[in-house]
Amino acid sequence: DAGVIQSPRHEVTEMGQEVTLRCKPISGHNSLFWYRQTMMRGLELLIYFNNNVPIDDSGMPEDRFSAKMPNASFSTLKIQPSEPRDSAVYFCASSSWTSRQETQYFGPGTRLLVL
Amino acid sequence: AQKITQTQPGMFVQEKEAVTLDCTYDTSDPSYGLFWYKQPSSGEMIFLIYQGSYDQQNATEGRYSLNFQKARKSANLVISASQLGDSAMYFCAMKNNQGGKLIFGQGTELSVKP
């Protein structure tokens, strides 16, 4: 079974441009998470969905960030306009409620650099 | 508030020896889960082991074991027979079973010496 798929793996863009990150969760998983990893702040949750519904978006930094999950197999994280301080690795993870421990499995991440 | 603390920024271990990576946590919830992830230099986050707060026995997964001391709120990872491929960042994380998100520690960078 394929793991969590993220695209693109690397993104270099200029300040002010729109950036869209994509995620395909593991088939059958009903929770999806977006995390950001930086040297200064470590790993932090941005937003998560249960059954395609956003549950907790308190980690979304500001209105420039938005996330959608139109169906069970696809989610996007959009930054518009992007700023240099958004440079980070963005991870998508998914998990299943049917698993007692609800382990979150991570995608390979998108390494974003905003110039 | 929930918090995870990893006090060892870096650790060294000789190949084939065992190593313990420390993790302490703070939560007021009676039900929670503790996780360890490995992040090699390639960047991916790899799930290693899980311990539930009500589990009576310490979790084990191959060469990985979790030394769970509930009263002390510690969940140390023990890696036996270290291999060169174990060199990586290791993150301890906690999840409140009523909520979805993981709270991560700062990580410990493990270097295995040949």
# chains A, B, ... in the order shown; residues from 1 in each chain; ligands from 1
call {"tool": "residues_around", "arguments": {"residues": "range 54-61 of chain B", "least_positions_apart": "5", "cutoff": "12 Å", "atoms": "only C-alpha atoms", "output": "PyMOL selection string"}}
result
(chain A and resi 100-101) or (chain B and resi 29-36+47-49+66-70+74-80+97)
call {"tool": "residues_around", "arguments": {"residues": "Phe74 in chain A", "least_positions_apart": "4", "cutoff": "10 Å", "atoms": "only C-alpha atoms", "output": "list in words"}}
result
Ile5, Gln6, Arg22, Cys23, Lys24, Pro25, Ile26, Leu32, Asn52, Lys68, Met69 and Pro70 of chain A
call {"tool": "write_last_selection", "arguments": {"atoms": "all heavy atoms", "output": "compact mmCIF listing (two decimals), in the first residue's frame"}}
result
# COMPACT_ATOMS: atom_id res chain seq x y z
N ILE A 5 1.36 10.62 0.07
CA ILE A 5 2.05 11.19 -1.07
C ILE A 5 1.92 12.70 -1.03
O ILE A 5 0.82 13.24 -0.86
CB ILE A 5 1.45 10.65 -2.39
CG1 ILE A 5 1.63 9.11 -2.44
CG2 ILE A 5 2.11 11.31 -3.59
CD1 ILE A 5 0.91 8.45 -3.59
N GLN A 6 3.04 13.38 -1.18
CA GLN A 6 3.05 14.84 -1.19
C GLN A 6 3.72 15.33 -2.47
O GLN A 6 4.68 14.73 -2.95
CB GLN A 6 3.81 15.40 0.02
CG GLN A 6 3.11 15.20 1.33
CD GLN A 6 3.83 15.92 2.47
OE1 GLN A 6 4.39 15.29 3.37
NE2 GLN A 6 3.78 17.25 2.44
N ARG A 22 0.31 19.84 -2.05
CA ARG A 22 -0.72 18.82 -2.24
C ARG A 22 -0.41 17.58 -1.44
O ARG A 22 0.76 17.25 -1.22
CB ARG A 22 -0.85 18.49 -3.72
CG ARG A 22 -1.31 19.67 -4.57
CD ARG A 22 -1.28 19.37 -6.05
NE ARG A 22 -1.79 20.49 -6.84
CZ ARG A 22 -1.08 21.57 -7.15
NH1 ARG A 22 0.17 21.68 -6.74
NH2 ARG A 22 -1.64 22.53 -7.87
N CYS A 23 -1.47 16.89 -1.04
CA CYS A 23 -1.30 15.69 -0.22
C CYS A 23 -2.38 14.67 -0.57
O CYS A 23 -3.56 14.99 -0.68
CB CYS A 23 -1.39 16.04 1.26
SG CYS A 23 -1.33 14.60 2.37
N LYS A 24 -1.93 13.42 -0.70
CA LYS A 24 -2.85 12.29 -0.85
C LYS A 24 -2.64 11.38 0.35
O LYS A 24 -1.55 10.80 0.49
CB LYS A 24 -2.58 11.54 -2.15
CG LYS A 24 -3.45 10.29 -2.34
CD LYS A 24 -3.13 9.63 -3.66
CE LYS A 24 -3.78 8.26 -3.80
NZ LYS A 24 -5.25 8.32 -3.63
N PRO A 25 -3.63 11.24 1.23
CA PRO A 25 -3.43 10.41 2.43
C PRO A 25 -3.46 8.92 2.09
O PRO A 25 -3.81 8.54 0.97
CB PRO A 25 -4.62 10.78 3.31
CG PRO A 25 -5.68 11.19 2.34
CD PRO A 25 -4.96 11.85 1.19
N ILE A 26 -3.13 8.11 3.05
CA ILE A 26 -3.21 6.67 2.89
C ILE A 26 -4.68 6.27 2.73
O ILE A 26 -5.54 6.77 3.47
CB ILE A 26 -2.58 5.95 4.09
CG1 ILE A 26 -1.07 6.19 4.12
CG2 ILE A 26 -2.87 4.45 4.07
CD1 ILE A 26 -0.37 5.69 5.37
N LEU A 32 -6.47 13.72 8.54
CA LEU A 32 -5.34 14.26 7.79
C LEU A 32 -4.80 15.49 8.50
O LEU A 32 -5.58 16.33 8.97
CB LEU A 32 -5.77 14.63 6.35
CG LEU A 32 -4.65 15.13 5.44
CD1 LEU A 32 -4.80 14.56 4.03
CD2 LEU A 32 -4.59 16.64 5.41
N ASN A 52 -12.76 14.79 6.28
CA ASN A 52 -12.73 15.91 5.34
C ASN A 52 -13.16 17.23 5.97
O ASN A 52 -13.20 18.26 5.28
CB ASN A 52 -13.58 15.65 4.10
CG ASN A 52 -13.36 14.29 3.50
OD1 ASN A 52 -12.31 13.67 3.71
ND2 ASN A 52 -14.34 13.80 2.76
N LYS A 68 -7.65 23.01 2.34
CA LYS A 68 -8.91 22.40 1.94
C LYS A 68 -8.75 20.89 1.84
O LYS A 68 -7.65 20.39 1.63
CB LYS A 68 -9.36 22.94 0.57
CG LYS A 68 -9.73 24.41 0.57
CD LYS A 68 -10.20 24.85 -0.81
CE LYS A 68 -10.58 26.32 -0.82
NZ LYS A 68 -11.04 26.77 -2.17
N MET A 69 -9.88 20.21 2.00
CA MET A 69 -9.90 18.77 1.79
C MET A 69 -11.22 18.45 1.09
O MET A 69 -12.22 18.12 1.74
CB MET A 69 -9.76 18.01 3.10
CG MET A 69 -9.50 16.53 2.88
SD MET A 69 -8.91 15.70 4.35
CE MET A 69 -8.57 14.08 3.67
N PRO A 70 -11.23 18.56 -0.23
CA PRO A 70 -12.48 18.38 -0.98
C PRO A 70 -13.00 16.96 -0.98
O PRO A 70 -14.21 16.75 -1.16
CB PRO A 70 -12.10 18.83 -2.39
CG PRO A 70 -10.62 18.67 -2.48
CD PRO A 70 -10.10 18.92 -1.10
call {"tool": "closest_residue", "arguments": {"among": "A:Asn51, A:Thr13, A:Ser58, A:Gln104", "to": "Ser75 in chain A", "atoms": "only C-alpha atoms"}}
result
A:Asn51
call {"tool": "residues_around", "arguments": {"residues": "Phe65 in chain A", "least_positions_apart": "3", "cutoff": "6 Å", "atoms": "only C-alpha atoms", "output": "list in words"}}
result
Glu62, Lys78 and Ile79 of chain A
call {"tool": "write_last_selection", "arguments": {"atoms": "N, CA and C atoms", "output": "JSON list (two decimals), in the first residue's frame"}}
result
[["chain", "number", "residue", "atom", "x", "y", "z"],
["A", 62, "GLU", "N", -1.64, 32.70, 9.77],
["A", 62, "GLU", "CA", -2.38, 33.91, 9.46],
["A", 62, "GLU", "C", -3.23, 33.66, 8.23],
["A", 78, "LYS", "N", -2.46, 26.08, 0.89],
["A", 78, "LYS", "CA", -2.12, 27.18, 0.01],
["A", 78, "LYS", "C", -1.59, 28.35, 0.83],
["A", 79, "ILE", "N", -0.55, 28.98, 0.30],
["A", 79, "ILE", "CA", 0.00, 30.18, 0.91],
["A", 79, "ILE", "C", -0.06, 31.29, -0.15]]
call {"tool": "closest_residue", "arguments": {"among": "A:Val12, A:Ala2, A:Leu46, A:Leu115", "to": "chain B", "atoms": "only C-alpha atoms"}}
result
A:Leu46
call {"tool": "closest_atom_pairs", "arguments": {"of": "chain B", "to": "chain A", "cutoff": "9 Å", "atoms": "only C-alpha atoms", "output": "JSON lines"}}
result
{"residue": "B:Gly33", "atom": "CA", "partner": "A:Gln101", "partner_atom": "CA", "distance": 7.0}
{"residue": "B:Phe35", "atom": "CA", "partner": "A:Thr103", "partner_atom": "CA", "distance": 8.1}
{"residue": "B:Ser42", "atom": "CA", "partner": "A:Pro108", "partner_atom": "CA", "distance": 8.9}
{"residue": "B:Gly43", "atom": "CA", "partner": "A:Pro108", "partner_atom": "CA", "distance": 7.0}
{"residue": "B:Glu44", "atom": "CA", "partner": "A:Pro108", "partner_atom": "CA", "distance": 4.9}
{"residue": "B:Met45", "atom": "CA", "partner": "A:Phe106", "partner_atom": "CA", "distance": 5.9}
{"residue": "B:Ile46", "atom": "CA", "partner": "A:Phe106", "partner_atom": "CA", "distance": 7.2}
{"residue": "B:Phe47", "atom": "CA", "partner": "A:Tyr105", "partner_atom": "CA", "distance": 6.8}
{"residue": "B:Tyr50", "atom": "CA", "partner": "A:Gln101", "partner_atom": "CA", "distance": 7.3}
{"residue": "B:Gln51", "atom": "CA", "partner": "A:Gln101", "partner_atom": "CA", "distance": 8.2}
{"residue": "B:Gly52", "atom": "CA", "partner": "A:Gln101", "partner_atom": "CA", "distance": 7.2}
{"residue": "B:Asn97", "atom": "CA", "partner": "A:Gln101", "partner_atom": "CA", "distance": 8.4}
{"residue": "B:Gly100", "atom": "CA", "partner": "A:Tyr48", "partner_atom": "CA", "distance": 7.5}
{"residue": "B:Lys101", "atom": "CA", "partner": "A:Leu45", "partner_atom": "CA", "distance": 6.7}
{"residue": "B:Leu102", "atom": "CA", "partner": "A:Leu45", "partner_atom": "CA", "distance": 7.4}
{"residue": "B:Ile103", "atom": "CA", "partner": "A:Glu44", "partner_atom": "CA", "distance": 7.3}
{"residue": "B:Phe104", "atom": "CA", "partner": "A:Leu43", "partner_atom": "CA", "distance": 6.3}
{"residue": "B:Gly105", "atom": "CA", "partner": "A:Gly42", "partner_atom": "CA", "distance": 8.0}
{"residue": "B:Gln106", "atom": "CA", "partner": "A:Gly42", "partner_atom": "CA", "distance": 6.2}
{"residue": "B:Gly107", "atom": "CA", "partner": "A:Gly42", "partner_atom": "CA", "distance": 8.4}
call {"tool": "write_last_selection", "arguments": {"atoms": "N, CA and C atoms", "output": "CSV table (one decimal), in the first residue's frame"}}
result
chain,number,residue,atom,x,y,z
B,33,GLY,N,-1.4,9.1,24.3
B,33,GLY,CA,-0.5,8.2,23.7
B,33,GLY,C,0.8,8.8,23.5
B,35,PHE,N,4.5,8.6,21.3
B,35,PHE,CA,5.1,8.1,20.1
B,35,PHE,C,6.6,8.5,20.0
B,42,SER,N,17.7,12.3,5.2
B,42,SER,CA,16.8,12.5,4.0
B,42,SER,C,15.5,13.2,4.3
B,43,GLY,N,15.2,13.3,5.6
B,43,GLY,CA,14.1,14.2,6.0
B,43,GLY,C,12.7,13.6,6.3
B,44,GLU,N,12.5,12.3,5.9
B,44,GLU,CA,11.2,11.8,6.2
B,44,GLU,C,11.0,11.5,7.7
B,45,MET,N,9.8,11.4,8.1
B,45,MET,CA,9.4,11.1,9.5
B,45,MET,C,8.9,9.6,9.5
B,46,ILE,N,9.7,8.8,10.3
B,46,ILE,CA,9.4,7.4,10.3
B,46,ILE,C,8.9,7.0,11.7
B,47,PHE,N,7.7,6.4,11.8
B,47,PHE,CA,7.1,6.0,13.0
B,47,PHE,C,7.9,4.8,13.5
B,50,TYR,N,4.9,3.0,19.8
B,50,TYR,CA,3.8,3.6,20.5
B,50,TYR,C,3.6,3.0,21.9
B,51,GLN,N,3.2,3.9,22.8
B,51,GLN,CA,2.9,3.5,24.2
B,51,GLN,C,1.6,4.2,24.6
B,52,GLY,N,0.6,3.4,25.0
B,52,GLY,CA,-0.6,4.0,25.5
B,52,GLY,C,-0.5,4.2,27.0
B,97,ASN,N,-5.8,11.5,23.6
B,97,ASN,CA,-6.7,10.6,22.8
B,97,ASN,C,-8.0,11.2,22.4
B,100,GLY,N,-6.7,15.3,18.0
B,100,GLY,CA,-5.9,14.6,16.9
B,100,GLY,C,-4.4,14.9,16.8
B,101,LYS,N,-4.0,16.1,17.3
B,101,LYS,CA,-2.7,16.6,17.0
B,101,LYS,C,-1.6,16.0,17.9
B,102,LEU,N,-0.4,15.8,17.3
B,102,LEU,CA,0.7,15.4,18.0
B,102,LEU,C,1.5,16.6,18.5
B,103,ILE,N,2.0,16.6,19.8
B,103,ILE,CA,2.8,17.6,20.3
B,103,ILE,C,4.2,17.0,20.3
B,104,PHE,N,5.2,17.6,19.7
B,104,PHE,CA,6.5,17.1,19.5
B,104,PHE,C,7.5,17.7,20.5
B,105,GLY,N,8.5,16.9,20.9
B,105,GLY,CA,9.7,17.5,21.6
B,105,GLY,C,10.6,18.1,20.6
B,106,GLN,N,11.8,18.6,21.1
B,106,GLN,CA,12.7,19.3,20.3
B,106,GLN,C,13.6,18.4,19.5
B,107,GLY,N,13.6,17.1,19.9
B,107,GLY,CA,14.4,16.2,19.1
B,107,GLY,C,15.8,15.9,19.7
call {"tool": "atom_distance", "arguments": {"atom1": "CA of Lys16 in chain B", "atom2": "CA of Thr108 in chain B"}}
result
19.0 Å
call {"tool": "residues_around", "arguments": {"residues": "Arg85 in chain A", "least_positions_apart": "3", "cutoff": "10 Å", "atoms": "only C-alpha atoms", "output": "count of residues only"}}
result
7
call {"tool": "select_by_dssp", "arguments": {"residues": "range 56-113 of chain A", "states": "strand (DSSP E or B)", "output": "VMD selection string"}}
result
chain A and resid 56 65 to 71 74 to 79 88 to 95 105 to 106 110 to 113
call {"tool": "decode", "arguments": {"residues": "range 1-89 of chain B", "atoms": "C-alpha atoms", "output": "tab-separated table (two decimals), in the first residue's frame"}}
result
chain	number	residue	atom	x	y	z
B	1	ALA	CA	-1.11	22.38	28.62
B	2	GLN	CA	0.61	19.42	27.05
B	3	LYS	CA	4.38	19.51	26.72
B	4	ILE	CA	7.14	17.17	25.62
B	5	THR	CA	10.74	17.70	26.73
B	6	GLN	CA	13.81	16.09	25.23
B	7	THR	CA	16.84	17.33	27.16
B	8	GLN	CA	19.55	15.75	25.02
B	9	PRO	CA	20.22	17.80	21.88
B	10	GLY	CA	22.84	15.27	20.75
B	11	MET	CA	23.99	11.79	21.70
B	12	PHE	CA	26.84	9.54	20.61
B	13	VAL	CA	26.87	5.75	20.83
B	14	GLN	CA	29.30	3.09	19.70
B	15	GLU	CA	28.04	0.67	17.08
B	16	LYS	CA	26.47	-2.48	18.60
B	17	GLU	CA	25.90	-0.83	21.96
B	18	ALA	CA	22.57	0.20	23.47
B	19	VAL	CA	21.49	3.81	23.87
B	20	THR	CA	18.67	5.52	25.76
B	21	LEU	CA	17.05	8.70	24.50
B	22	ASP	CA	15.20	10.65	27.18
B	23	CYS	CA	11.69	12.03	26.96
B	24	THR	CA	9.52	13.55	29.65
B	25	TYR	CA	6.00	14.78	29.19
B	26	ASP	CA	3.42	16.85	30.95
B	27	THR	CA	-0.33	16.45	30.66
B	28	SER	CA	-3.36	16.56	32.90
B	29	ASP	CA	-5.30	14.13	30.74
B	30	PRO	CA	-5.58	10.56	32.06
B	31	SER	CA	-5.67	9.10	28.56
B	32	TYR	CA	-2.89	9.81	26.09
B	33	GLY	CA	-0.54	8.17	23.66
B	34	LEU	CA	3.23	8.51	23.35
B	35	PHE	CA	5.10	8.06	20.08
B	36	TRP	CA	8.67	8.03	18.85
B	37	TYR	CA	9.63	9.03	15.31
B	38	LYS	CA	12.94	8.84	13.50
B	39	GLN	CA	14.01	11.51	11.01
B	40	PRO	CA	17.11	10.57	9.01
B	41	SER	CA	19.08	13.13	7.04
B	42	SER	CA	16.84	12.47	4.04
B	43	GLY	CA	14.07	14.21	5.96
B	44	GLU	CA	11.19	11.77	6.18
B	45	MET	CA	9.43	11.08	9.50
B	46	ILE	CA	9.38	7.38	10.32
B	47	PHE	CA	7.12	5.97	13.04
B	48	LEU	CA	9.00	3.71	15.44
B	49	ILE	CA	6.94	2.81	18.50
B	50	TYR	CA	3.80	3.64	20.47
B	51	GLN	CA	2.88	3.48	24.16
B	52	GLY	CA	-0.63	4.03	25.48
B	53	SER	CA	-1.10	5.57	28.91
B	54	TYR	CA	-3.12	2.58	30.08
B	55	ASP	CA	-0.79	-0.06	28.67
B	56	GLN	CA	0.50	-2.28	31.45
B	57	GLN	CA	3.62	-3.39	29.63
B	58	ASN	CA	6.39	-1.41	28.00
B	59	ALA	CA	6.12	-1.35	24.22
B	60	THR	CA	8.71	-3.15	22.11
B	61	GLU	CA	9.29	-3.18	18.34
B	62	GLY	CA	12.33	-5.12	17.26
B	63	ARG	CA	15.42	-3.30	18.54
B	64	TYR	CA	13.29	-0.48	19.91
B	65	SER	CA	11.74	-0.50	23.34
B	66	LEU	CA	10.02	2.17	25.35
B	67	ASN	CA	10.84	2.56	29.04
B	68	PHE	CA	7.52	3.94	30.26
B	69	GLN	CA	7.47	5.28	33.81
B	70	LYS	CA	4.05	6.81	34.26
B	71	ALA	CA	4.57	8.21	37.74
B	72	ARG	CA	7.67	10.03	36.59
B	73	LYS	CA	6.01	11.02	33.29
B	74	SER	CA	8.88	9.68	31.26
B	75	ALA	CA	8.88	7.65	28.05
B	76	ASN	CA	12.50	6.95	27.15
B	77	LEU	CA	13.40	5.18	23.92
B	78	VAL	CA	15.94	2.39	24.15
B	79	ILE	CA	17.72	1.26	21.00
B	80	SER	CA	19.61	-1.99	21.40
B	81	ALA	CA	22.55	-3.12	19.27
B	82	SER	CA	22.97	0.26	17.55
B	83	GLN	CA	23.65	0.28	13.83
B	84	LEU	CA	25.20	2.97	11.65
B	85	GLY	CA	21.79	3.44	10.02
B	86	ASP	CA	20.35	4.49	13.36
B	87	SER	CA	22.11	7.84	13.05
B	88	ALA	CA	19.26	10.35	12.81
B	89	MET	CA	17.08	12.82	14.70
